[in-house]
Amino acid sequence: MKRRDAIRAGGSIVASATLAGCLDTLGFQTQSAWRDPPLPSNRPDAVYYPAIVEEMGMYGMKEVPAEGVTFALMFSYPHRFWTVTGSNKQRVVVNSDDSLHLMASLWDTESQTVLPVDISLEVLNDGESVTQRSLWPMLSQTMGFHYGDNFSLPDEGQYTARLSVGPVQARRTGSFESRFENSMETEIDFEFDTTNTYNLDLRRLGTKSGERGAVEPTMEEMPAGRTPMESALPGEIIGAASSGDATFVISYIETASRFGDQSYLAVSPRTPYNRIMLPLMSLSATVVRDGSTVFDDILTETLDPVFGDHYGGTVGQLQSGDTVTVTVDAPPQMSRHDGYETAFFDMPPIEVTV
Amino acid sequence: MSDSQRWLSKRDFMRVAVAIGGTSALSACLERTETPDLPRGTDDPSSLPPRQHAWNQFLERDDHGNVKQPRHHVLLYVDYTGDTPTESERETVEAAFTSLERAYQRGFQGLLFTVGYSPYYFERAFDSGPGGVDLPTPEALAPFEDPTPDDPDAVVHLASDYAQVVLAAEEALKGNRGTVNEVEVTGFGEVFEVRDRRTGFIGDGLPAENQDVQGIPDDEPVPEDAPLFMGFKSGFEKNQAPEERVTIQDGPFADGTTQHISRIRLHLDQWYDQDSRSQRVGKMFCPAHAEQDAVEGPGDNLGNDSQLGSCPAHTEEDARTSGMVGHAQKVARAEDGERPVILRRDFDTTDGDAAGVHFVSLQQSIADFAATRQAMNGTDVAENSAVGTRTNNGILQYLTVKRRGNYLIPPRQYRSLPAPNPA
């Protein structure tokens, strides 16, 4: 069903109050539908199909040629989400004056690698600042990895979004080594028109809702922050295991110049189903050989043109029979939309034998 | 008096008056409130401390011994109109300052002020930096910020518990008033031209009464008892450098200090609408404070110390395992022994109808400020943990530094258009 049809059914399109009324016609209760939609009662501690999924709209994409990156600004209607600090999550419901949900993403134009770097967004109207904030890093089923928040805009009309980032803080390797070191900024003009926002597709997942699984990311023009398929990862895959419903693919590279010509352990955690990257974690690893610990250190979040965002360390040469244990010291500190908020919290260590 | 003034509370009105400034605001201020019977200042300048920044002995302390900053502040940004200062120009400026000292007793119930000079002043007027002091031009102090450098020649910082006093002092310096507090005063004349004024406030109740601005949610979340917009106390006695520590010890500007002023915008929609109280406590102080629910209200229960204990030493570990680090926890890593190296004299503002901070900080050298800010950036921590550049990295997510400026506050005897090597 098109949201606009629902809106037509509900009457004229003016304010959020009207929209809430429209959601009513879809079978939701007015208040909770807008602020805090119902959650499936049987949510697993894993990725699950939410009750409803929505289409995103694109306000614009802009390349910064000097840096070889592209910014994008997308929109949807205001959304509930959960912020994460440590293993605690805080449910953020939609405020009565929230106008829309704005999302931004930044990627290397050539490789389409999404960059994990906090994005600030200032909204201007006629050159005057309307609002400014640092967006939350977020995970949603329809968008993948992105940055976003709910915004309140004073009126419909023309706005400019000024998007800015600092350097990527993750270690960078290979052709990325000397990239993404500068602050970058771009502006994307957009027209906030509630009709566009509320015309976005809405899909109810019915009986699937609450079941393990995830819908595919819907944005076609831009990358969703997927990690490479296991078969595309370089080196020897010494294991792939699940923890907290995330898949950890562990690869071993005997020697590569971009990792300092030393033996390198690369851990690539990703969401199940869609292989979305999971930055902002603390991972560490041990290697035990014949009962003795031969490696025990943190793994460093690293952005590599082939692995993408992953966690790695130089471990020394591994031998057959070595036990590699990867420990999650802190789960991904990303805000979560429906379907991801119960996964990736209780994450026991992963043990693989070479 | 207009209707719009009538419904403003007294505190709100005073803040608005300081923000608007000028003679009309001052007269509205005087009309609205009874002029407090304030003691005059002194005719004997030698009775005043040689250090302009010696304020603490003239300020009130709370029950825990924490210095309470004056409630109302004005920063007056001025440019020197001449080429190289003459004795006559120095006398004009000095006469203006001395007349204020005659008019108001030094203190929170009278007037406190400093004047600082920028590196641009020394370069423009003398082609040389100040002797014995490293006074760099302002620059970005975090990889993710892009502040505009402030380049006025000088900044006068006026402070008092009384809005009328800072307004009257400002008007006096600008030459718009011949008497204040029934004492004859003189202004800067043509020597200085006013370029900008920035205003603000600090103290219980003022932020709550002035929260109807951009950057703060509409539901007025700032607690009534909070001294600052973010809801917590700061400037605990043990988390401030002593005045002695921030004083230049030798050279031509001994007994002076350096001043850094940042213009910071606050974005507290997320802070109040999306973070929990526990997240706010953890991000402001330390994850342990959040776990132990150690902060009551704005933090009066902490006494004279933010009670960080082993938090600073555990910064990296907290980042690794809690996925979050506290602002105070990170900043304390820049301490020299047991005390910080900067003395905060910051205050909140609604300049531009947006919530912000004028972060005024005094330190022996600007490098002390840069080191403190570097500790606050937590870049080292973020690189090796789940903590983001801004996300869960203290309070970095909630502020943007728009402008930065560096100044030298000379000792009082050289406060008027100093040469690089006075004396």
# chains A, B, ... in the order shown; residues from 1 in each chain; ligands from 1

call {"tool": "interface_residues", "arguments": {"of": "chain B", "to": "chain A", "cutoff": "7 Å", "atoms": "only C-alpha atoms", "output": "list in words"}}
result
Pro143, Phe144, Gly215, His267, Gln274, Asp275, Ser276, Arg320, Thr321, Ser322, Gly323, Met324, Glu383, Asn384, Ser385, Ala386, Val387, Gly388, Thr389, Arg390, Asn392, Gln397 and Tyr398 of chain B

call {"tool": "residues_around", "arguments": {"residues": "Leu111 (chain B)", "least_positions_apart": "5", "cutoff": "7 Å", "atoms": "only C-alpha atoms", "output": "PDB file with N, CA and C atoms, in the first residue's frame"}}
result
ATOM      1  N   TYR B 104      33.277  50.871  40.984  1.00  0.00           N
ATOM      2  CA  TYR B 104      32.754  49.613  41.546  1.00  0.00           C
ATOM      3  C   TYR B 104      33.814  48.890  42.362  1.00  0.00           C
ATOM      4  N   GLN B 105      33.360  48.368  43.482  1.00  0.00           N
ATOM      5  CA  GLN B 105      34.255  47.538  44.264  1.00  0.00           C
ATOM      6  C   GLN B 105      34.579  46.281  43.460  1.00  0.00           C
ATOM      7  N   ARG B 106      35.808  45.831  43.580  1.00  0.00           N
ATOM      8  CA  ARG B 106      36.211  44.606  42.885  1.00  0.00           C
ATOM      9  C   ARG B 106      35.533  43.423  43.567  1.00  0.00           C
ATOM     10  N   ALA B 159      32.400  41.055  34.370  1.00  0.00           N
ATOM     11  CA  ALA B 159      31.601  40.066  35.094  1.00  0.00           C
ATOM     12  C   ALA B 159      31.086  40.646  36.401  1.00  0.00           C
ATOM     13  N   SER B 160      29.858  40.270  36.708  1.00  0.00           N
ATOM     14  CA  SER B 160      29.249  40.724  37.964  1.00  0.00           C
ATOM     15  C   SER B 160      28.029  39.867  38.247  1.00  0.00           C
ATOM     16  N   VAL B 165      25.422  46.124  36.347  1.00  0.00           N
ATOM     17  CA  VAL B 165      26.819  46.521  36.495  1.00  0.00           C
ATOM     18  C   VAL B 165      27.609  46.227  35.222  1.00  0.00           C
TER      19      VAL B 165
END

call {"tool": "closest_residue", "arguments": {"among": "A:Asp193, A:Asp98, A:Glu67, A:Asp296", "to": "Thr323 (chain A)", "atoms": "only C-alpha atoms"}}
result
A:Asp296

call {"tool": "atom_distance", "arguments": {"atom1": "CA of Asp218 (chain B)", "atom2": "CA of His101 (chain A)"}}
result
18.1 Å

call {"tool": "select_by_dssp", "arguments": {"residues": "region 185-405 of chain B", "states": "strand (DSSP E)", "output": "VMD selection string"}}
result
chain B and resid 192 to 201 257 to 266 343 to 344 347 to 349 356 to 363 399 to 405

call {"tool": "residues_around", "arguments": {"residues": "Met229 (chain A)", "least_positions_apart": "6", "cutoff": "10 Å", "atoms": "only C-alpha atoms", "output": "ChimeraX atom specification"}}
result
/A:249,274-275,307

call {"tool": "write_last_selection", "arguments": {"atoms": "C-alpha atoms", "output": "mmCIF file, in the first residue's frame"}}
result
data_model
loop_
_atom_site.group_PDB
_atom_site.id
_atom_site.type_symbol
_atom_site.label_atom_id
_atom_site.label_comp_id
_atom_site.auth_asym_id
_atom_site.auth_seq_id
_atom_site.Cartn_x
_atom_site.Cartn_y
_atom_site.Cartn_z
ATOM 1 C CA VAL A 249 34.564 -14.314 9.245
ATOM 2 C CA ASN A 274 22.747 -8.825 4.359
ATOM 3 C CA ARG A 275 26.429 -8.734 5.367
ATOM 4 C CA PHE A 307 38.330 -6.271 3.409
#

call {"tool": "select_by_dssp", "arguments": {"residues": "region 42-255 of chain A", "states": "helix (DSSP H, G or I)", "output": "list in words"}}
result
Gly174, Ser175, Phe176, Thr194, Thr195, Asn196, Thr197, Tyr198, Gly206, Thr207, Lys208, Glu230, Ser231 and Ala232 of chain A

call {"tool": "write_last_selection", "arguments": {"atoms": "C-alpha atoms", "output": "PDB file, in the first residue's frame"}}
result
ATOM      1  CA  GLY A 174      46.486  -0.299   1.152  1.00  0.00           C
ATOM      2  CA  SER A 175      45.289   2.401  -1.226  1.00  0.00           C
ATOM      3  CA  PHE A 176      43.233   3.826   1.648  1.00  0.00           C
ATOM      4  CA  THR A 194       5.309  16.424   3.607  1.00  0.00           C
ATOM      5  CA  THR A 195       3.566  14.968   0.565  1.00  0.00           C
ATOM      6  CA  ASN A 196       6.847  13.442  -0.606  1.00  0.00           C
ATOM      7  CA  THR A 197       7.641  12.136   2.830  1.00  0.00           C
ATOM      8  CA  TYR A 198       4.292  10.550   3.361  1.00  0.00           C
ATOM      9  CA  GLY A 206       2.356  -9.624   8.657  1.00  0.00           C
ATOM     10  CA  THR A 207       3.037 -13.042  10.067  1.00  0.00           C
ATOM     11  CA  LYS A 208       6.730 -12.835   9.235  1.00  0.00           C
ATOM     12  CA  GLU A 230      33.261 -14.695   2.435  1.00  0.00           C
ATOM     13  CA  SER A 231      34.544 -16.087  -0.864  1.00  0.00           C
ATOM     14  CA  ALA A 232      35.817 -12.663  -1.880  1.00  0.00           C
TER      15      ALA A 232
END

call {"tool": "closest_residue", "arguments": {"among": "B:Leu100, B:Thr42, B:Phe108, B:Arg245", "to": "Thr179 (chain B)", "atoms": "only C-alpha atoms"}}
result
B:Leu100

call {"tool": "atom_distance", "arguments": {"atom1": "CA of Ala28 (chain B)", "atom2": "CA of Asp225 (chain B)"}}
result
27.1 Å

call {"tool": "residues_around", "arguments": {"residues": "region 151-153 of chain B", "least_positions_apart": "2", "cutoff": "8 Å", "atoms": "only C-alpha atoms", "output": "PyMOL selection string"}}
result
chain B and resi 77-80+117-121+149+155+195+405

call {"tool": "atom_distance", "arguments": {"atom1": "CA of Gly148 (chain A)", "atom2": "CA of Leu73 (chain A)"}}
result
9.5 Å

call {"tool": "residues_around", "arguments": {"residues": "Gln259 (chain B)", "least_positions_apart": "3", "cutoff": "6 Å", "atoms": "only C-alpha atoms", "output": "JSON, numbers by chain"}}
result
{"B": [361, 362, 406, 407]}

call {"tool": "write_last_selection", "arguments": {"atoms": "C-alpha atoms", "output": "PDB file, in the first residue's frame"}}
result
ATOM      1  CA  SER B 361      39.868  29.559  30.041  1.00  0.00           C
ATOM      2  CA  LEU B 362      43.013  30.858  31.738  1.00  0.00           C
ATOM      3  CA  ASN B 406      43.974  33.467  22.064  1.00  0.00           C
ATOM      4  CA  TYR B 407      44.911  36.430  24.235  1.00  0.00           C
TER       5      TYR B 407
END

call {"tool": "residues_around", "arguments": {"residues": "Ile188 (chain A)", "least_positions_apart": "2", "cutoff": "7 Å", "atoms": "only C-alpha atoms", "output": "VMD selection string"}}
result
chain A and resid 60 160 to 162 186 190

call {"tool": "residues_around", "arguments": {"residues": "Thr70 (chain A)", "least_positions_apart": "6", "cutoff": "6 Å", "atoms": "only C-alpha atoms", "output": "count of residues only"}}
result
6
